[in-house]
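Heads up, protein_9.cif below (mmCIF, C-alpha atoms):
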```cif
data_target
#
loop_
_atom_site.group_PDB
_atom_site.id
_atom_site.type_symbol
_atom_site.label_atom_id
_atom_site.label_comp_id
_atom_site.auth_asym_id
_atom_site.auth_seq_id
_atom_site.Cartn_x
_atom_site.Cartn_y
_atom_site.Cartn_z
ATOM 1 C CA MET Z 1 -6.505 35.330 -7.305
ATOM 2 C CA MET Z 2 -9.971 34.225 -8.505
ATOM 3 C CA MET Z 3 -10.168 31.185 -10.762
ATOM 4 C CA SER Z 4 -13.166 30.367 -12.967
ATOM 5 C CA GLN Z 5 -12.165 26.717 -13.286
ATOM 6 C CA LYS Z 6 -10.580 24.058 -11.154
ATOM 7 C CA LEU Z 7 -6.826 23.761 -11.507
ATOM 8 C CA TYR Z 8 -4.935 20.478 -11.392
ATOM 9 C CA VAL Z 9 -1.211 20.363 -10.731
ATOM 10 C CA GLY Z 10 1.174 17.624 -11.842
ATOM 11 C CA ILE Z 11 4.667 17.418 -10.333
ATOM 12 C CA ASP Z 12 7.340 15.207 -11.854
ATOM 13 C CA VAL Z 13 9.890 14.454 -9.123
ATOM 14 C CA SER Z 14 13.581 13.754 -9.444
ATOM 15 C CA LYS Z 15 16.483 13.902 -7.010
ATOM 16 C CA LYS Z 16 17.350 17.487 -7.961
ATOM 17 C CA THR Z 17 14.191 19.029 -9.385
ATOM 18 C CA LEU Z 18 10.421 19.349 -9.094
ATOM 19 C CA ASP Z 19 8.937 19.957 -12.548
ATOM 20 C CA VAL Z 20 5.464 21.464 -12.246
ATOM 21 C CA TYR Z 21 2.590 21.872 -14.701
ATOM 22 C CA VAL Z 22 -0.711 23.643 -13.925
ATOM 23 C CA SER Z 23 -3.642 22.679 -16.127
ATOM 24 C CA GLY Z 24 -6.002 25.477 -17.070
ATOM 25 C CA LEU Z 25 -3.191 28.007 -16.917
ATOM 26 C CA ASN Z 26 -0.913 25.983 -19.224
ATOM 27 C CA VAL Z 27 2.019 27.009 -17.016
ATOM 28 C CA PHE Z 28 5.208 25.002 -16.558
ATOM 29 C CA LYS Z 29 7.726 25.745 -13.805
ATOM 30 C CA SER Z 30 10.734 23.994 -12.298
ATOM 31 C CA TYR Z 31 12.021 24.155 -8.720
ATOM 32 C CA ALA Z 32 14.960 22.628 -6.907
ATOM 33 C CA ASN Z 33 13.992 19.628 -4.790
ATOM 34 C CA ASP Z 34 15.322 21.162 -1.580
ATOM 35 C CA ASP Z 35 13.984 23.379 1.217
ATOM 36 C CA LEU Z 36 14.366 26.615 -0.759
ATOM 37 C CA GLY Z 37 12.819 25.139 -3.902
ATOM 38 C CA ILE Z 38 9.887 23.656 -1.978
ATOM 39 C CA LYS Z 39 9.250 27.054 -0.372
ATOM 40 C CA GLY Z 40 9.124 28.581 -3.842
ATOM 41 C CA LEU Z 41 6.705 25.863 -4.941
ATOM 42 C CA LYS Z 42 4.431 26.609 -1.972
ATOM 43 C CA ASP Z 43 4.521 30.355 -2.665
ATOM 44 C CA PHE Z 44 3.535 29.663 -6.285
ATOM 45 C CA LEU Z 45 0.713 27.174 -5.613
ATOM 46 C CA LEU Z 46 -0.996 28.623 -2.540
ATOM 47 C CA PRO Z 47 -2.589 31.628 -4.311
ATOM 48 C CA LEU Z 48 -3.866 29.301 -7.055
ATOM 49 C CA SER Z 49 -5.778 27.023 -4.623
ATOM 50 C CA PRO Z 50 -5.602 24.002 -6.957
ATOM 51 C CA ALA Z 51 -8.254 21.290 -6.690
ATOM 52 C CA LEU Z 52 -5.545 18.645 -6.507
ATOM 53 C CA VAL Z 53 -1.742 18.408 -6.560
ATOM 54 C CA LEU Z 54 -0.423 15.079 -7.847
ATOM 55 C CA LEU Z 55 3.149 13.875 -7.397
ATOM 56 C CA GLU Z 56 4.673 10.722 -8.811
ATOM 57 C CA SER Z 57 6.113 8.353 -6.217
ATOM 58 C CA THR Z 58 9.901 8.401 -6.644
ATOM 59 C CA GLY Z 59 11.500 6.302 -3.933
ATOM 60 C CA GLY Z 60 10.653 8.786 -1.199
ATOM 61 C CA LEU Z 61 12.081 11.821 -3.025
ATOM 62 C CA GLU Z 62 8.546 13.212 -3.240
ATOM 63 C CA GLN Z 63 7.835 13.040 0.495
ATOM 64 C CA ASN Z 64 9.252 16.408 1.613
ATOM 65 C CA ALA Z 65 7.355 18.328 -1.065
ATOM 66 C CA ALA Z 66 4.131 16.378 -0.467
ATOM 67 C CA ARG Z 67 4.342 16.932 3.290
ATOM 68 C CA ALA Z 68 5.076 20.653 2.921
ATOM 69 C CA LEU Z 69 2.136 21.190 0.545
ATOM 70 C CA ALA Z 70 -0.276 19.122 2.649
ATOM 71 C CA GLN Z 71 0.699 21.082 5.768
ATOM 72 C CA CYS Z 72 -0.481 24.192 3.895
ATOM 73 C CA PHE Z 73 -3.889 22.503 3.544
ATOM 74 C CA LEU Z 74 -3.527 21.797 -0.147
ATOM 75 C CA LYS Z 75 -5.118 18.562 -1.382
ATOM 76 C CA VAL Z 76 -2.187 16.324 -2.317
ATOM 77 C CA THR Z 77 -1.967 12.801 -3.698
ATOM 78 C CA ILE Z 78 0.951 10.526 -4.600
ATOM 79 C CA VAL Z 79 0.526 8.128 -7.502
ATOM 80 C CA ASN Z 80 2.346 4.902 -8.309
ATOM 81 C CA PRO Z 81 4.654 5.545 -11.323
ATOM 82 C CA GLN Z 82 3.362 2.410 -13.052
ATOM 83 C CA ARG Z 83 -0.177 3.782 -13.080
ATOM 84 C CA ALA Z 84 1.070 7.106 -14.394
ATOM 85 C CA ARG Z 85 3.121 5.448 -17.126
ATOM 86 C CA LYS Z 86 0.164 3.334 -18.298
ATOM 87 C CA PHE Z 87 -1.920 6.509 -18.466
ATOM 88 C CA ALA Z 88 0.815 8.174 -20.556
ATOM 89 C CA GLN Z 89 1.060 5.175 -22.881
ATOM 90 C CA ALA Z 90 -2.697 5.204 -23.412
ATOM 91 C CA ALA Z 91 -2.413 8.857 -24.400
ATOM 92 C CA ASP Z 92 0.591 8.014 -26.635
ATOM 93 C CA LEU Z 93 2.815 10.571 -24.910
ATOM 94 C CA ALA Z 94 6.594 10.725 -25.208
ATOM 95 C CA LYS Z 95 8.764 11.079 -22.102
ATOM 96 C CA THR Z 96 10.222 14.446 -21.153
ATOM 97 C CA ASP Z 97 10.044 16.326 -17.853
ATOM 98 C CA LYS Z 98 7.498 18.799 -19.239
ATOM 99 C CA ILE Z 99 5.340 16.085 -20.779
ATOM 100 C CA ASP Z 100 5.530 14.008 -17.585
ATOM 101 C CA ALA Z 101 4.371 16.944 -15.451
ATOM 102 C CA LYS Z 102 1.538 17.745 -17.876
ATOM 103 C CA MET Z 103 0.537 14.086 -18.053
ATOM 104 C CA LEU Z 104 0.390 13.949 -14.230
ATOM 105 C CA SER Z 105 -1.895 16.994 -14.142
ATOM 106 C CA ASN Z 106 -4.152 15.289 -16.711
ATOM 107 C CA PHE Z 107 -4.088 12.148 -14.575
ATOM 108 C CA ALA Z 108 -5.133 14.222 -11.544
ATOM 109 C CA TYR Z 109 -8.042 15.695 -13.505
ATOM 110 C CA ALA Z 110 -9.196 12.322 -14.870
ATOM 111 C CA PHE Z 111 -9.091 10.434 -11.557
ATOM 112 C CA ALA Z 112 -9.471 13.184 -8.964
ATOM 113 C CA ASP Z 113 -12.337 11.480 -7.129
ATOM 114 C CA LYS Z 114 -10.615 8.072 -7.059
ATOM 115 C CA LEU Z 115 -7.191 9.052 -5.755
ATOM 116 C CA GLU Z 116 -6.203 8.681 -2.110
ATOM 117 C CA VAL Z 117 -5.438 11.994 -0.404
ATOM 118 C CA PHE Z 118 -1.983 12.240 1.175
ATOM 119 C CA LYS Z 119 -2.095 12.615 4.956
ATOM 120 C CA VAL Z 120 0.614 14.181 7.077
ATOM 121 C CA LEU Z 121 1.688 11.663 9.716
ATOM 122 C CA ASP Z 122 2.984 12.391 13.194
ATOM 123 C CA ASP Z 123 6.468 11.238 14.192
ATOM 124 C CA VAL Z 124 5.281 7.978 15.771
ATOM 125 C CA SER Z 125 3.195 7.066 12.704
ATOM 126 C CA LEU Z 126 6.125 7.910 10.446
ATOM 127 C CA LYS Z 127 8.343 5.573 12.461
ATOM 128 C CA MET Z 128 5.720 2.815 12.241
ATOM 129 C CA LYS Z 129 5.498 3.307 8.479
ATOM 130 C CA ALA Z 130 9.292 3.146 8.155
ATOM 131 C CA LEU Z 131 9.437 -0.029 10.264
ATOM 132 C CA SER Z 132 6.695 -1.634 8.173
ATOM 133 C CA THR Z 133 8.467 -0.712 4.951
ATOM 134 C CA ARG Z 134 11.768 -2.075 6.231
ATOM 135 C CA ARG Z 135 10.110 -5.304 7.374
ATOM 136 C CA ASN Z 136 8.646 -5.765 3.915
ATOM 137 C CA GLN Z 137 12.099 -5.251 2.370
ATOM 138 C CA LEU Z 138 13.705 -7.775 4.718
ATOM 139 C CA MET Z 139 10.978 -10.351 4.029
ATOM 140 C CA LYS Z 140 11.593 -9.999 0.278
ATOM 141 C CA MET Z 141 15.343 -10.441 0.817
ATOM 142 C CA LYS Z 142 14.730 -13.537 2.934
ATOM 143 C CA THR Z 143 12.467 -15.040 0.268
ATOM 144 C CA GLN Z 144 15.063 -14.343 -2.427
ATOM 145 C CA GLU Z 145 17.790 -16.073 -0.408
ATOM 146 C CA LYS Z 146 15.541 -19.074 0.285
ATOM 147 C CA ASN Z 147 14.787 -19.356 -3.422
ATOM 148 C CA ARG Z 148 18.519 -19.392 -4.217
ATOM 149 C CA LEU Z 149 18.960 -22.447 -2.011
ATOM 150 C CA ARG Z 150 16.862 -24.441 -4.486
ATOM 151 C CA TRP Z 151 19.430 -24.377 -7.259
ATOM 152 C CA VAL Z 152 22.800 -23.645 -5.598
ATOM 153 C CA LYS Z 153 25.088 -26.711 -5.437
ATOM 154 C CA GLU Z 154 28.324 -25.423 -3.913
ATOM 155 C CA GLU Z 155 28.495 -26.153 -0.183
ATOM 156 C CA TRP Z 156 30.195 -22.889 0.712
ATOM 157 C CA VAL Z 157 27.523 -20.878 -1.151
ATOM 158 C CA ILE Z 158 24.767 -22.821 0.628
ATOM 159 C CA ALA Z 159 26.433 -22.094 3.974
ATOM 160 C CA ASP Z 160 26.787 -18.396 3.106
ATOM 161 C CA ILE Z 161 23.122 -18.096 2.066
ATOM 162 C CA LYS Z 162 22.026 -19.771 5.310
ATOM 163 C CA ASP Z 163 24.146 -17.270 7.268
ATOM 164 C CA VAL Z 164 22.431 -14.397 5.462
ATOM 165 C CA ILE Z 165 18.997 -15.915 6.162
ATOM 166 C CA ASP Z 166 19.884 -16.245 9.852
ATOM 167 C CA LEU Z 167 21.038 -12.624 9.952
ATOM 168 C CA ILE Z 168 17.836 -11.409 8.275
ATOM 169 C CA SER Z 169 15.763 -13.509 10.705
ATOM 170 C CA LYS Z 170 17.511 -11.854 13.657
ATOM 171 C CA LYS Z 171 16.899 -8.394 12.189
ATOM 172 C CA LEU Z 172 13.232 -9.255 11.615
ATOM 173 C CA LYS Z 173 12.876 -10.394 15.217
ATOM 174 C CA LYS Z 174 14.399 -7.148 16.505
ATOM 175 C CA LEU Z 175 12.222 -5.102 14.163
ATOM 176 C CA ASP Z 176 9.071 -6.962 15.275
ATOM 177 C CA GLN Z 177 9.968 -6.176 18.885
ATOM 178 C CA GLU Z 178 10.217 -2.468 18.016
ATOM 179 C CA VAL Z 179 6.820 -2.587 16.293
ATOM 180 C CA SER Z 180 5.274 -4.342 19.324
ATOM 181 C CA SER Z 181 6.732 -1.693 21.642
ATOM 182 C CA LEU Z 182 5.288 1.117 19.516
ATOM 183 C CA ILE Z 183 1.863 -0.521 19.505
ATOM 184 C CA LYS Z 184 1.940 -1.185 23.239
ATOM 185 C CA ALA Z 185 2.765 2.472 23.932
ATOM 186 C CA ASN Z 186 -0.068 3.751 21.728
ATOM 187 C CA GLU Z 187 -3.557 3.441 23.223
ATOM 188 C CA SER Z 188 -5.359 3.398 19.853
ATOM 189 C CA TRP Z 189 -3.024 0.825 18.275
ATOM 190 C CA ASN Z 190 -3.093 -1.304 21.407
ATOM 191 C CA LYS Z 191 -6.895 -1.411 21.265
ATOM 192 C CA ARG Z 192 -6.737 -2.364 17.575
ATOM 193 C CA CYS Z 193 -4.309 -5.150 18.399
ATOM 194 C CA ASP Z 194 -6.647 -6.578 21.066
ATOM 195 C CA ILE Z 195 -9.534 -6.549 18.591
ATOM 196 C CA LEU Z 196 -7.546 -8.152 15.772
ATOM 197 C CA ILE Z 197 -6.033 -11.003 17.789
ATOM 198 C CA SER Z 198 -9.481 -11.894 19.126
ATOM 199 C CA TYR Z 199 -10.260 -13.153 15.616
ATOM 200 C CA PRO Z 200 -9.360 -16.886 15.333
ATOM 201 C CA GLY Z 201 -6.527 -17.151 12.823
ATOM 202 C CA ILE Z 202 -4.988 -13.714 13.454
ATOM 203 C CA GLY Z 203 -1.831 -13.822 15.562
ATOM 204 C CA LYS Z 204 0.387 -11.075 16.963
ATOM 205 C CA VAL Z 205 2.648 -10.872 13.884
ATOM 206 C CA THR Z 206 -0.280 -10.510 11.461
ATOM 207 C CA SER Z 207 -1.970 -8.032 13.804
ATOM 208 C CA ASN Z 208 1.178 -5.893 13.977
ATOM 209 C CA LEU Z 209 1.540 -5.994 10.203
ATOM 210 C CA LEU Z 210 -2.083 -4.917 9.666
ATOM 211 C CA ILE Z 211 -1.662 -2.007 12.089
ATOM 212 C CA GLY Z 212 1.569 -0.872 10.442
ATOM 213 C CA SER Z 213 0.839 -1.577 6.773
ATOM 214 C CA LEU Z 214 -2.933 -1.139 6.555
ATOM 215 C CA PRO Z 215 -3.828 1.938 8.648
ATOM 216 C CA GLU Z 216 -6.956 2.350 6.481
ATOM 217 C CA LEU Z 217 -8.512 -0.701 8.189
ATOM 218 C CA GLY Z 218 -11.714 0.296 9.975
ATOM 219 C CA ILE Z 219 -12.008 3.732 8.377
ATOM 220 C CA THR Z 220 -12.369 2.672 4.735
ATOM 221 C CA PRO Z 221 -15.316 1.022 2.921
ATOM 222 C CA LYS Z 222 -14.889 -2.756 2.760
ATOM 223 C CA LYS Z 223 -14.649 -2.917 -1.040
ATOM 224 C CA LYS Z 224 -11.822 -0.384 -1.071
ATOM 225 C CA VAL Z 225 -9.947 -2.277 1.661
ATOM 226 C CA SER Z 226 -10.166 -5.432 -0.480
ATOM 227 C CA ARG Z 227 -8.664 -3.525 -3.414
ATOM 228 C CA LEU Z 228 -5.909 -2.103 -1.228
ATOM 229 C CA ILE Z 229 -4.605 -5.576 -0.459
ATOM 230 C CA GLY Z 230 -5.453 -7.061 -3.860
ATOM 231 C CA VAL Z 231 -8.151 -9.599 -2.954
ATOM 232 C CA ALA Z 232 -11.075 -7.935 -4.724
ATOM 233 C CA PRO Z 233 -12.155 -9.987 -7.768
ATOM 234 C CA ILE Z 234 -11.590 -8.059 -11.013
ATOM 235 C CA ASN Z 235 -13.893 -8.680 -13.963
ATOM 236 C CA SER Z 236 -12.543 -9.611 -17.377
ATOM 237 C CA ASP Z 237 -15.683 -9.318 -19.520
ATOM 238 C CA SER Z 238 -16.028 -8.142 -23.097
ATOM 239 C CA GLY Z 239 -19.329 -8.173 -24.946
ATOM 240 C CA THR Z 240 -20.955 -11.576 -24.444
ATOM 241 C CA HIS Z 241 -17.673 -13.069 -23.193
ATOM 242 C CA LYS Z 242 -17.538 -13.596 -19.447
ATOM 243 C CA GLY Z 243 -13.919 -14.034 -18.402
ATOM 244 C CA LYS Z 244 -12.612 -15.465 -15.167
ATOM 245 C CA ARG Z 245 -12.420 -13.136 -12.200
ATOM 246 C CA SER Z 246 -8.901 -12.600 -10.919
ATOM 247 C CA ILE Z 247 -7.007 -10.670 -8.256
ATOM 248 C CA LYS Z 248 -3.951 -8.490 -8.749
ATOM 249 C CA GLY Z 249 -2.051 -5.527 -7.365
ATOM 250 C CA GLY Z 250 -2.442 -4.267 -3.829
ATOM 251 C CA ARG Z 251 -0.089 -4.533 -0.872
ATOM 252 C CA PHE Z 252 1.655 -7.837 -1.338
ATOM 253 C CA ASN Z 253 3.045 -8.038 2.200
ATOM 254 C CA VAL Z 254 -0.431 -7.694 3.712
ATOM 255 C CA ARG Z 255 -1.911 -10.200 1.280
ATOM 256 C CA ALA Z 256 0.863 -12.724 1.965
ATOM 257 C CA SER Z 257 0.371 -12.422 5.727
ATOM 258 C CA LEU Z 258 -3.404 -12.781 5.411
ATOM 259 C CA TYR Z 259 -2.938 -15.864 3.244
ATOM 260 C CA MET Z 260 -1.048 -17.563 6.078
ATOM 261 C CA ALA Z 261 -3.674 -16.351 8.561
ATOM 262 C CA VAL Z 262 -6.530 -17.751 6.479
ATOM 263 C CA LEU Z 263 -4.825 -21.155 6.315
ATOM 264 C CA SER Z 264 -5.015 -21.199 10.113
ATOM 265 C CA ALA Z 265 -8.575 -19.828 10.076
ATOM 266 C CA THR Z 266 -9.821 -22.651 7.836
ATOM 267 C CA ARG Z 267 -8.962 -25.004 10.689
ATOM 268 C CA HIS Z 268 -9.661 -22.930 13.810
ATOM 269 C CA ASN Z 269 -12.237 -20.273 12.863
ATOM 270 C CA PRO Z 270 -15.726 -21.846 12.701
ATOM 271 C CA VAL Z 271 -17.121 -19.241 10.278
ATOM 272 C CA ILE Z 272 -14.197 -19.377 7.847
ATOM 273 C CA LYS Z 273 -13.953 -23.162 8.168
ATOM 274 C CA GLU Z 274 -17.627 -23.623 7.226
ATOM 275 C CA PHE Z 275 -17.360 -21.076 4.382
ATOM 276 C CA TYR Z 276 -14.215 -22.749 2.999
ATOM 277 C CA GLN Z 277 -15.735 -26.241 3.118
ATOM 278 C CA ARG Z 278 -18.886 -24.985 1.410
ATOM 279 C CA LEU Z 279 -16.865 -23.490 -1.467
ATOM 280 C CA LEU Z 280 -14.875 -26.703 -1.895
ATOM 281 C CA ALA Z 281 -18.121 -28.697 -1.938
ATOM 282 C CA LYS Z 282 -19.288 -26.502 -4.821
ATOM 283 C CA GLY Z 283 -16.191 -27.523 -6.785
ATOM 284 C CA LYS Z 284 -14.162 -24.335 -6.289
ATOM 285 C CA PRO Z 285 -10.376 -24.811 -6.573
ATOM 286 C CA LYS Z 286 -8.573 -24.554 -3.226
ATOM 287 C CA LYS Z 287 -6.736 -21.334 -4.121
ATOM 288 C CA VAL Z 288 -9.967 -19.673 -5.273
ATOM 289 C CA ALA Z 289 -11.679 -20.760 -2.044
ATOM 290 C CA LEU Z 290 -8.779 -19.437 0.062
ATOM 291 C CA VAL Z 291 -8.849 -16.044 -1.676
ATOM 292 C CA ALA Z 292 -12.608 -15.864 -1.087
ATOM 293 C CA CYS Z 293 -11.936 -16.599 2.590
ATOM 294 C CA MET Z 294 -9.328 -13.809 2.694
ATOM 295 C CA HIS Z 295 -11.916 -11.487 1.154
ATOM 296 C CA LYS Z 296 -14.455 -12.463 3.833
ATOM 297 C CA MET Z 297 -11.836 -12.204 6.599
ATOM 298 C CA ILE Z 298 -10.706 -8.674 5.719
ATOM 299 C CA HIS Z 299 -14.326 -7.476 5.522
ATOM 300 C CA THR Z 300 -14.983 -8.869 9.004
ATOM 301 C CA LEU Z 301 -11.802 -7.349 10.442
ATOM 302 C CA ASN Z 302 -12.663 -4.006 8.842
ATOM 303 C CA SER Z 303 -16.091 -4.080 10.490
ATOM 304 C CA MET Z 304 -14.675 -5.123 13.876
ATOM 305 C CA ILE Z 305 -12.187 -2.235 13.901
ATOM 306 C CA ALA Z 306 -14.825 0.241 12.712
ATOM 307 C CA LYS Z 307 -17.200 -0.784 15.527
ATOM 308 C CA GLY Z 308 -14.445 -1.246 18.110
ATOM 309 C CA GLU Z 309 -15.740 -4.749 18.841
ATOM 310 C CA LYS Z 310 -13.905 -8.008 19.411
ATOM 311 C CA TRP Z 311 -14.714 -11.229 17.550
ATOM 312 C CA LYS Z 312 -18.170 -12.670 18.153
ATOM 313 C CA ASN Z 313 -19.043 -16.083 16.753
ATOM 314 C CA ALA Z 314 -22.686 -15.314 16.096
#
```

Once you've parsed the file, please lay out its structure as structure tokens.
Amino acid sequence: MMMSQKLYVGIDVSKKTLDVYVSGLNVFKSYANDDLGIKGLKDFLLPLSPALVLLESTGGLEQNAARALAQCFLKVTIVNPQRARKFAQAADLAKTDKIDAKMLSNFAYAFADKLEVFKVLDDVSLKMKALSTRRNQLMKMKTQEKNRLRWVKEEWVIADIKDVIDLISKKLKKLDQEVSSLIKANESWNKRCDILISYPGIGKVTSNLLIGSLPELGITPKKKVSRLIGVAPINSDSGTHKGKRSIKGGRFNVRASLYMAVLSATRHNPVIKEFYQRLLAKGKPKKVALVACMHKMIHTLNSMIAKGEKWKNA
């Protein structure tokens, strides 16, 4: 089938269905979110050769369809539902399955060049991703329990929360051992680990987290890496008004780990230490200076991985 224009496909995902809209053709279809339905979706889309297929992230329910389409060499991307919803609100769209699917196809058209292409991972990479996701979940649970200790008064509740924290800590330790074993058994990851821990301030835990949660490190432009972890300064200017730069979004678990690493680096890494002291001398607030150091750190790590070189204090 010959097409005179590029087609963009939006897929609204739910537990039972995949609601599909193809821009240009103005066609809406619905398939079951199971093996048979996904096969039907592939049979429908392959002859169309769409420029991009966009699915909304839905707690992993989109993964089977995304993987099946990508394995057929279709260009696939998965978008955060918050971004999609903001796009819909800007367009003043109501919420129905058909409208959602059409909105996603419009989103794909509008941001086609800025969306990250979905990559099919091998089994080992999938396991690493699952371990990283689970570690992030456990860390959030541990933080929540620690926060509860601040206001709980009953002794038995305090004791129970501490038991839960101990249990989570044990699970985290076991999980970290699994991650270390995976890295040790993988030549590429093992090399990355050696490079990362050569940087003063980066320990084994942070190195493992970067390998598992930031696979783009070393193969992505430095500005994009900064945005991925949420340390790129975002402008807030309007007309003659120059607002304060701020950071937001990104992978919180990576940013939190780097924050702890940069605290160590300001004491033990000569480059970061000098940079941090210089910013403070200019009157920068400590948090602003630390974020700037994180920004500098991730750029350096990105370059080290890209070149395959260990830390050099030049």

### Given all atoms listed in the file as the counted atoms, nearest of Z:Tyr276, Z:Trp189, Z:Phe87, Z:Tyr8 to Met128 (chain Z)
Z:Trp189

### Task
Please write as a list in words the full residue list that the PyMOL selection byres ((chain Z and resi 49-53) around 7) yields on this file.
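Going through the file, the PyMOL selection byres ((chain Z and resi 49-53) around 7) ends up selecting Lys6, Leu7, Tyr8, Val9, Gly10, Leu45, Leu46, Pro47, Leu48, Leu54, Leu55, Lys75, Val76, Thr77 and Ala108 of chain Z.
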
#### Entry: Residues returned when the PyMOL selection byres ((chain Z and resi 303) around 12) runs on this file, as a PyMOL selection string
chain Z and resi 192+195-196+199+216-223+225+296-302+304-312

Can those selected residues be exported to a file as a PDB file, keeping the file's coordinate frame so that it contains C-alpha atoms?
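Below you can see selection13.pdb, which holds the result:
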```
ATOM      1  CA  ARG Z 192      -6.737  -2.364  17.575  1.00  0.00           C
ATOM      2  CA  ILE Z 195      -9.534  -6.549  18.591  1.00  0.00           C
ATOM      3  CA  LEU Z 196      -7.546  -8.152  15.772  1.00  0.00           C
ATOM      4  CA  TYR Z 199     -10.260 -13.153  15.616  1.00  0.00           C
ATOM      5  CA  GLU Z 216      -6.956   2.350   6.481  1.00  0.00           C
ATOM      6  CA  LEU Z 217      -8.512  -0.701   8.189  1.00  0.00           C
ATOM      7  CA  GLY Z 218     -11.714   0.296   9.975  1.00  0.00           C
ATOM      8  CA  ILE Z 219     -12.008   3.732   8.377  1.00  0.00           C
ATOM      9  CA  THR Z 220     -12.369   2.672   4.735  1.00  0.00           C
ATOM     10  CA  PRO Z 221     -15.316   1.022   2.921  1.00  0.00           C
ATOM     11  CA  LYS Z 222     -14.889  -2.756   2.760  1.00  0.00           C
ATOM     12  CA  LYS Z 223     -14.649  -2.917  -1.040  1.00  0.00           C
ATOM     13  CA  VAL Z 225      -9.947  -2.277   1.661  1.00  0.00           C
ATOM     14  CA  LYS Z 296     -14.455 -12.463   3.833  1.00  0.00           C
ATOM     15  CA  MET Z 297     -11.836 -12.204   6.599  1.00  0.00           C
ATOM     16  CA  ILE Z 298     -10.706  -8.674   5.719  1.00  0.00           C
ATOM     17  CA  HIS Z 299     -14.326  -7.476   5.522  1.00  0.00           C
ATOM     18  CA  THR Z 300     -14.983  -8.869   9.004  1.00  0.00           C
ATOM     19  CA  LEU Z 301     -11.802  -7.349  10.442  1.00  0.00           C
ATOM     20  CA  ASN Z 302     -12.663  -4.006   8.842  1.00  0.00           C
ATOM     21  CA  MET Z 304     -14.675  -5.123  13.876  1.00  0.00           C
ATOM     22  CA  ILE Z 305     -12.187  -2.235  13.901  1.00  0.00           C
ATOM     23  CA  ALA Z 306     -14.825   0.241  12.712  1.00  0.00           C
ATOM     24  CA  LYS Z 307     -17.200  -0.784  15.527  1.00  0.00           C
ATOM     25  CA  GLY Z 308     -14.445  -1.246  18.110  1.00  0.00           C
ATOM     26  CA  GLU Z 309     -15.740  -4.749  18.841  1.00  0.00           C
ATOM     27  CA  LYS Z 310     -13.905  -8.008  19.411  1.00  0.00           C
ATOM     28  CA  TRP Z 311     -14.714 -11.229  17.550  1.00  0.00           C
ATOM     29  CA  LYS Z 312     -18.170 -12.670  18.153  1.00  0.00           C
TER      30      LYS Z 312
END
```

### Message
Here is a test: counting all atoms listed in the file, which residue of Z:Ala66, Z:Met141, Z:Leu61, Z:Leu121 is nearest to Ile165 (chain Z)?
### Response
Z:Met141

### Task
Measure the distance from CA of Met103 (chain Z) to CA of Thr58 (chain Z) in Å and round it to one decimal.
15.8 Å

### Query
Which of these, Z:Val13, Z:Val22, Z:Met139, Z:Leu126, has the shortest distance to Val79 (chain Z) once you count all atoms listed in the file?
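Of the candidates, the smallest distance to Val79 (chain Z) is held by Z:Val13.
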
## Note on the structure
Nearest to Ser257 (chain Z), restricted to all atoms listed in the file and choosing among Z:Ser180, Z:Lys142, Z:Trp151, Z:Asn136, comes out as Z:Asn136

### Query
By how many Å are CA of Leu263 (chain Z) and CA of Ser181 (chain Z) apart?
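Interatomic distance, CA of Leu263 (chain Z) to CA of Ser181 (chain Z): 27.3 Å.
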